[in-house]
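**Student:** This is the structure I want to talk about, given as structure tokens.
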Amino acid sequence: MSLVTPDFGLLFWMVLIFGIVLFILWKFGFPIITDMVEQRAARIENSLRLAREAEEKMRELAQEQDRLVEEARKQQAAMLKEATESRKEILEQAKAEARAEADKILTAARTEIAAEKESALREVRAQVAELSIGIAEKVLRKEMEDPVAAERFVEKLTEEI
Amino acid sequence: MNRLARITVFMLALLLWPGVSAAASGEQENLVLAAQSDTASLRKSSPEAAADTSGELDMDEYLYGHVGDAYGWHITTVNGHPVTVHLPVIVRSKTTGWHIFSSKRIEEGEEYEGFRIAAKGEPNEGKLVEETAGGIVRPLDISITKNVFGLMVNSLVVVLLVLLGARWYRRHDAVEEAPHGFAGIVEMLVTMIEDDIIKVCVGPDYKRYSPYLLTAFFFIFINNLMGIIPIFPGGANITGNIAVTFTLAICTFLAVNLFGNKHYYKDIFWPDVPVFLKAIPLMPLIEIIGVFTKPFSLMIRLFANILAGHMMLLGVVAVVFLTAKMGIGLNAGMSFIAVCFGVFMDILELLVAFLQAYVFTMLSSVFIGLSRQAPEKE
């Protein structure tokens with residue numbers, strides 16, 4: 001039966017035509033499609049990986065941010081505390097310095113006052129002594145004008161010695 | 001032992017599958033033949049048989065005229081005049097050299113330049129023969145017959161389909177966007193075959209074989225589909241022709257055996273079985289037979305499935321003509337049933353068209369994959 005015996009003419013043409021089709025599609029057809037699909041698949045895979053990485057990075061960044069904020073807050077608190085402390089310290093110091101200065105001024109003033117007082121007293125003493133001597137001179141002179149009184153006086157003095 | 005059992009089951013499956021298909025087609029043929037003998041006495045006319053003087057539907061001519069090859073492409077007959085696409089006849093006579101002429105010259109058994117189509121009952125029936133001094137001989141015949149013409153048209157469709165699909169990639173940045181519409185369908189088919197069959201069955205170096213396997217798939221698929229379309233230039237029974245499936249099977253045979261690795265050949269000539277099986281040498285013999293039965297099964301499976309499909313469809317349609325003289329009521333009823341069954345068959349054939357292309361590609365991939373297998377680790 002001719003159905004199961006391959007006819008040479010058809011066989012010849014089939015080999016030729018299938019050969020040409022295979023050549024054309026091998027050269028210009030399927031590799032282009034499959035390569036492109038493969039490239040796209042690779043790109044999609046890559047994009048997914050990148051997205052995953054980005055997500056990971058985002059999460060990391062968020063954590064980092066949280067950490068930084070926390071740190072900043074801590075630092076702020078520390079700084080505030082420090083500032084308060086240093087203000088207190090400065091105030092204390094200023095007070096202490098002011099007190100010391102005041103003490104110094106007071107001491108100086110006291111010393112001066114004492115010195116002034118001393119010198120004033122010394123002057124007064126000297127004047128009093130001068131005045132006393134003058135008065136005594138005048139009194140003596142008056143006393144010595146009378147020889148009896150003068151004699152008596154000398155006696156008295158001698159007795160006293 | 002496990003491996004041996006696997007091979008045996010595989011071989012059995014391979015041998016049985018075409019057997020089942022062939023049985024199916026044989027059964028259908030018997031059915032048709034039975035129908036023919038039943039209705040041999042019925043006198044009727046049909047468009048196909050209008051030219052017949054007897055007015056009877058010649059089932060042989062009807063069936064084989066449709067599934068077989070011919071020098072001209074008979075499309076239909078209008079008012080007793082056949083509408084035929086005449087195709088070039090190319091023959092080389094041993095005595096007179098090359099001849100090229102239209103098939104119109106040799107219609108109806110006419111003789112032209114010493115060539116004529118052998119009549120019914122003669123040797124080389126239906127083929128071109130040459131009358132020479134030494135008797136009637138068959139010249140070297142590479143005519144563009146109905147099947148060759150159909151093959152050319154269908155191949156053009158395949159090439160255009162794939163190249164138009166591929167053109168999209170030249171014009172677009174395929175990395176950034178995916179194709180829609182036509183190119184999308186082509187890509188879908190290509191990726192389906194490549195991802196589901198080729199990558200899985202062939203293994204790591206699938207890239208070398210993928211263009212051939214994809215070409216085979218598209219070639220068979222389009223030829224199957226075009227065979228279902230009943231009007232010119234479809235309807236030629238191309239993948240149901242043994243010469244076509246033979247060529248395809250030879251391609252797979254070459255792809256398997258030319259690039260088989262050491263392990264593949266060792267498995268054929270010195271398989272991993274007890275020595276007494278190799279000493280006779282039983283296993284190598286079975287393996288060597290297996291080398292040829294694999295592509296043979298590919299050839300017969302595709303051929304038988306598509307031929308059987310065409311035969312069944314033709315048988316179903318023939319019911320309309322066979323019952324034409326049985327009275328209007330019976331004819332109308334049978335025609336209705338035949339049309340319903342024909343629609344069902346056509347839809348089934350759509351499935352078969354895809355399935356057979358798929359199966360051919362898959363089995364080719366499996367055979368190639370087996371020839372590229374790395375040795376099993378003990």
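Letters A, B, ... go to the chains of the structure tokens in the order shown; residues in each chain start at 1; ligands are counted from 1 in the same order.
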DSSP says alpha helix (DSSP H) for which residues of region 121-172 of chain B? Put them as a JSON list (two decimals) with N, CA and C atoms, in the first residue's frame?

**Tutor:**
[["chain", "number", "residue", "atom", "x", "y", "z"],
["B", 146, "LYS", "N", 0.85, 17.62, -4.54],
["B", 146, "LYS", "CA", -0.07, 18.25, -3.58],
["B", 146, "LYS", "C", 0.58, 18.36, -2.20],
["B", 147, "ASN", "N", 1.19, 17.26, -1.76],
["B", 147, "ASN", "CA", 1.81, 17.28, -0.43],
["B", 147, "ASN", "C", 3.03, 18.19, -0.39],
["B", 148, "VAL", "N", 3.82, 18.19, -1.46],
["B", 148, "VAL", "CA", 5.00, 19.07, -1.49],
["B", 148, "VAL", "C", 4.56, 20.52, -1.47],
["B", 149, "PHE", "N", 3.51, 20.83, -2.26],
["B", 149, "PHE", "CA", 3.02, 22.20, -2.28],
["B", 149, "PHE", "C", 2.48, 22.60, -0.91],
["B", 150, "GLY", "N", 1.70, 21.67, -0.34],
["B", 150, "GLY", "CA", 1.17, 21.93, 1.00],
["B", 150, "GLY", "C", 2.30, 22.13, 2.01],
["B", 151, "LEU", "N", 3.32, 21.32, 1.87],
["B", 151, "LEU", "CA", 4.49, 21.41, 2.74],
["B", 151, "LEU", "C", 5.15, 22.78, 2.61],
["B", 152, "MET", "N", 5.26, 23.27, 1.37],
["B", 152, "MET", "CA", 5.87, 24.58, 1.14],
["B", 152, "MET", "C", 5.03, 25.68, 1.78],
["B", 153, "VAL", "N", 3.71, 25.62, 1.55],
["B", 153, "VAL", "CA", 2.83, 26.64, 2.12],
["B", 153, "VAL", "C", 2.92, 26.62, 3.64],
["B", 154, "ASN", "N", 2.83, 25.42, 4.20],
["B", 154, "ASN", "CA", 2.84, 25.31, 5.67],
["B", 154, "ASN", "C", 4.19, 25.74, 6.25],
["B", 155, "SER", "N", 5.26, 25.40, 5.52],
["B", 155, "SER", "CA", 6.59, 25.80, 6.00],
["B", 155, "SER", "C", 6.71, 27.32, 5.99],
["B", 156, "LEU", "N", 6.14, 27.92, 4.95],
["B", 156, "LEU", "CA", 6.13, 29.38, 4.88],
["B", 156, "LEU", "C", 5.38, 29.96, 6.08],
["B", 157, "VAL", "N", 4.26, 29.32, 6.41],
["B", 157, "VAL", "CA", 3.48, 29.77, 7.58],
["B", 157, "VAL", "C", 4.33, 29.65, 8.84],
["B", 158, "VAL", "N", 5.01, 28.53, 8.97],
["B", 158, "VAL", "CA", 5.84, 28.31, 10.18],
["B", 158, "VAL", "C", 6.92, 29.38, 10.26],
["B", 159, "VAL", "N", 7.63, 29.58, 9.13],
["B", 159, "VAL", "CA", 8.74, 30.55, 9.12],
["B", 159, "VAL", "C", 8.21, 31.94, 9.42],
["B", 160, "LEU", "N", 7.10, 32.32, 8.78],
["B", 160, "LEU", "CA", 6.55, 33.65, 9.01],
["B", 160, "LEU", "C", 6.12, 33.81, 10.47],
["B", 161, "LEU", "N", 5.46, 32.79, 10.97],
["B", 161, "LEU", "CA", 4.99, 32.82, 12.36],
["B", 161, "LEU", "C", 6.14, 33.12, 13.32],
["B", 162, "VAL", "N", 7.22, 32.36, 13.15],
["B", 162, "VAL", "CA", 8.32, 32.49, 14.11],
["B", 162, "VAL", "C", 9.11, 33.78, 13.84],
["B", 163, "LEU", "N", 9.33, 34.08, 12.56],
["B", 163, "LEU", "CA", 10.13, 35.28, 12.27],
["B", 163, "LEU", "C", 9.37, 36.55, 12.64],
["B", 164, "LEU", "N", 8.04, 36.56, 12.43],
["B", 164, "LEU", "CA", 7.26, 37.72, 12.85],
["B", 164, "LEU", "C", 7.28, 37.83, 14.37],
["B", 165, "GLY", "N", 7.26, 36.68, 15.01],
["B", 165, "GLY", "CA", 7.37, 36.70, 16.47],
["B", 165, "GLY", "C", 8.73, 37.23, 16.89],
["B", 166, "ALA", "N", 9.78, 36.78, 16.18],
["B", 166, "ALA", "CA", 11.14, 37.20, 16.54],
["B", 166, "ALA", "C", 11.39, 38.66, 16.18],
["B", 167, "ARG", "N", 10.66, 39.17, 15.17],
["B", 167, "ARG", "CA", 10.87, 40.55, 14.75],
["B", 167, "ARG", "C", 10.58, 41.53, 15.88],
["B", 168, "TRP", "N", 9.57, 41.16, 16.66],
["B", 168, "TRP", "CA", 9.21, 42.03, 17.79],
["B", 168, "TRP", "C", 10.42, 42.31, 18.67],
["B", 169, "TYR", "N", 11.28, 41.28, 18.85],
["B", 169, "TYR", "CA", 12.42, 41.41, 19.76],
["B", 169, "TYR", "C", 13.49, 42.33, 19.19],
["B", 170, "ARG", "N", 13.53, 42.42, 17.85],
["B", 170, "ARG", "CA", 14.51, 43.32, 17.24],
["B", 170, "ARG", "C", 14.10, 44.77, 17.41],
["B", 171, "ARG", "N", 12.78, 44.97, 17.50],
["B", 171, "ARG", "CA", 12.28, 46.35, 17.54],
["B", 171, "ARG", "C", 12.02, 46.85, 18.95]]

**Student:** If you take only C-alpha atoms and a cut-off of 9 Å, which residues of chain A touch chain B, and what are their nearest atom pairs and distances in Å to one decimal, in chain and number order, as a tab-separated table?

**Tutor:**
residue	atom	partner	partner_atom	distance
A:Ser2	CA	B:Gly68	CA	8.3
A:Leu3	CA	B:Gly68	CA	7.0
A:Val4	CA	B:Ile242	CA	5.9
A:Thr5	CA	B:Ile242	CA	6.9
A:Pro6	CA	B:Ala243	CA	4.4
A:Asp7	CA	B:Ala243	CA	6.3
A:Phe8	CA	B:Asp141	CA	7.3
A:Gly9	CA	B:Ile142	CA	4.0
A:Leu10	CA	B:Val148	CA	6.1
A:Leu11	CA	B:Ala243	CA	5.2
A:Phe12	CA	B:Ile142	CA	7.1
A:Trp13	CA	B:Val148	CA	6.5
A:Met14	CA	B:Val244	CA	6.1
A:Val15	CA	B:Thr247	CA	6.3
A:Ile17	CA	B:Met152	CA	7.0
A:Phe18	CA	B:Ser155	CA	7.7
A:Val21	CA	B:Val159	CA	6.6
A:Leu22	CA	B:Thr215	CA	6.1
A:Ile24	CA	B:Val159	CA	7.5
A:Leu25	CA	B:Val159	CA	6.8
A:Trp26	CA	B:Pro211	CA	5.4
A:Lys27	CA	B:Pro211	CA	8.9
A:Phe28	CA	B:Leu163	CA	7.0
A:Gly29	CA	B:Leu163	CA	5.4
A:Phe30	CA	B:Pro211	CA	5.9
A:Pro31	CA	B:Pro211	CA	6.8
A:Ile32	CA	B:Ala166	CA	6.3
A:Ile33	CA	B:Ala166	CA	5.7
A:Thr34	CA	B:Thr191	CA	7.2
A:Met36	CA	B:Ala174	CA	6.1
A:Val37	CA	B:Ala174	CA	7.5
A:Glu38	CA	B:Val175	CA	9.0
A:Gln39	CA	B:Val175	CA	6.2
A:Arg40	CA	B:Val175	CA	4.5
A:Ala41	CA	B:Val175	CA	8.2
A:Ala42	CA	B:Val175	CA	8.9
A:Arg43	CA	B:Val175	CA	6.9
A:Ile44	CA	B:Val175	CA	8.6

**Student:** From a backbone DSSP assignment, name each residue in region 59-281 of chain B labelled strand (DSSP E), as a PyMOL selection string.

**Tutor:** chain B and resi 72-78+81-86+88-93+97-102+115-117+128-132+135-137+140-141

**Student:** Any idea what the distance is between CA of Leu128 (chain B) and CA of Gly227 (chain B)?

**Tutor:**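 Separation of CA of Leu128 (chain B) and CA of Gly227 (chain B): 24.6 Å.
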
**Student:** Need the shell around region 97-101 of chain B: protein/DNA/RNA residues with any atom at most 10 Å away, counting only C-alpha atoms. Skip same-chain ones fewer than 2 positions apart. Format as an MDAnalysis selection string?

**Tutor:** chainID B and resid 86:95 103:106 112:113 115 139:141 143

**Student:** Store the residues picked out above in a file with C-alpha atoms, as a JSON list (two decimals), in the first residue's frame.

**Tutor:**
[["chain", "number", "residue", "atom", "x", "y", "z"],
["B", 86, "HIS", "CA", -2.21, 22.44, -11.42],
["B", 87, "LEU", "CA", 1.26, 21.87, -10.03],
["B", 88, "PRO", "CA", 4.57, 21.42, -11.81],
["B", 89, "VAL", "CA", 5.68, 17.89, -12.60],
["B", 90, "ILE", "CA", 9.46, 17.47, -12.46],
["B", 91, "VAL", "CA", 10.80, 14.14, -13.68],
["B", 92, "ARG", "CA", 14.07, 12.80, -14.96],
["B", 93, "SER", "CA", 13.91, 10.04, -17.50],
["B", 94, "LYS", "CA", 16.90, 7.77, -17.88],
["B", 95, "THR", "CA", 16.67, 8.15, -21.65],
["B", 103, "SER", "CA", 0.10, 18.46, -14.16],
["B", 104, "LYS", "CA", -2.71, 19.63, -16.48],
["B", 105, "ARG", "CA", -1.01, 17.72, -19.30],
["B", 106, "ILE", "CA", -1.38, 14.35, -17.63],
["B", 112, "TYR", "CA", 2.60, 13.74, -22.33],
["B", 113, "GLU", "CA", 6.20, 13.41, -23.54],
["B", 115, "PHE", "CA", 4.78, 10.17, -19.26],
["B", 139, "PRO", "CA", 11.34, 7.84, -13.66],
["B", 140, "LEU", "CA", 13.11, 9.88, -11.00],
["B", 141, "ASP", "CA", 10.15, 11.91, -9.82],
["B", 143, "SER", "CA", 7.36, 16.72, -8.81]]

**Student:** Here is a test: counting only C-alpha atoms, which residue of B:Gly369, B:Leu63, B:His74, B:Thr293 is nearest to Ala308 (chain B)?

**Tutor:**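 Looking only at the distances to Ala308 (chain B), the closest residue turns out to be B:Leu63.
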
**Student:** Would you list the contacts of region 339-347 of chain B as a PyMOL selection string, taking every protein, DNA or RNA residue within 10 Å and counting only C-alpha atoms, but skipping same-chain residues closer than 2 positions in sequence?

**Tutor:** chain B and resi 228-229+309-310+312-317+319-320+333-337+349-353

**Student:** Store the residues picked out above in a file with C-alpha atoms, as an mmCIF file, in the first residue's frame.

**Tutor:**
data_model
loop_
_atom_site.group_PDB
_atom_site.id
_atom_site.type_symbol
_atom_site.label_atom_id
_atom_site.label_comp_id
_atom_site.auth_asym_id
_atom_site.auth_seq_id
_atom_site.Cartn_x
_atom_site.Cartn_y
_atom_site.Cartn_z
ATOM 1 C CA ILE B 228 -7.551 20.115 9.612
ATOM 2 C CA ILE B 229 -8.515 23.175 7.549
ATOM 3 C CA GLY B 309 -7.720 11.447 12.232
ATOM 4 C CA HIS B 310 -8.087 12.329 8.550
ATOM 5 C CA MET B 312 -12.117 9.250 10.623
ATOM 6 C CA LEU B 313 -13.169 12.709 9.531
ATOM 7 C CA LEU B 314 -13.513 11.552 5.935
ATOM 8 C CA GLY B 315 -15.480 8.526 7.069
ATOM 9 C CA VAL B 316 -17.835 10.694 9.073
ATOM 10 C CA VAL B 317 -18.344 13.055 6.134
ATOM 11 C CA VAL B 319 -21.935 9.129 5.724
ATOM 12 C CA VAL B 320 -23.696 12.136 4.193
ATOM 13 C CA GLY B 333 -31.040 12.377 9.993
ATOM 14 C CA MET B 334 -27.726 10.751 9.193
ATOM 15 C CA SER B 335 -26.343 14.025 7.844
ATOM 16 C CA PHE B 336 -27.252 15.739 11.090
ATOM 17 C CA ILE B 337 -25.542 13.034 13.086
ATOM 18 C CA GLU B 349 -8.305 16.636 15.925
ATOM 19 C CA LEU B 350 -7.378 20.106 17.210
ATOM 20 C CA LEU B 351 -6.368 18.454 20.442
ATOM 21 C CA VAL B 352 -4.552 15.680 18.589
ATOM 22 C CA ALA B 353 -2.768 18.247 16.388
#

**Student:** Quick one: residues within 8 Å of Leu298 (chain B), only C-alpha atoms counted, chain neighbours fewer than 6 positions away excluded, as a list in words?

**Tutor:**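 My reading of the contact set: Thr245, Ala249, Phe360 and Leu363 of chain B.
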
**Student:** Expressed in Å to a single decimal, how great is the separation between CA of Thr239 (chain B) and CA of Ile220 (chain B)?

**Tutor:**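 Taking CA of Thr239 (chain B) and CA of Ile220 (chain B), their separation equals 6.7 Å.
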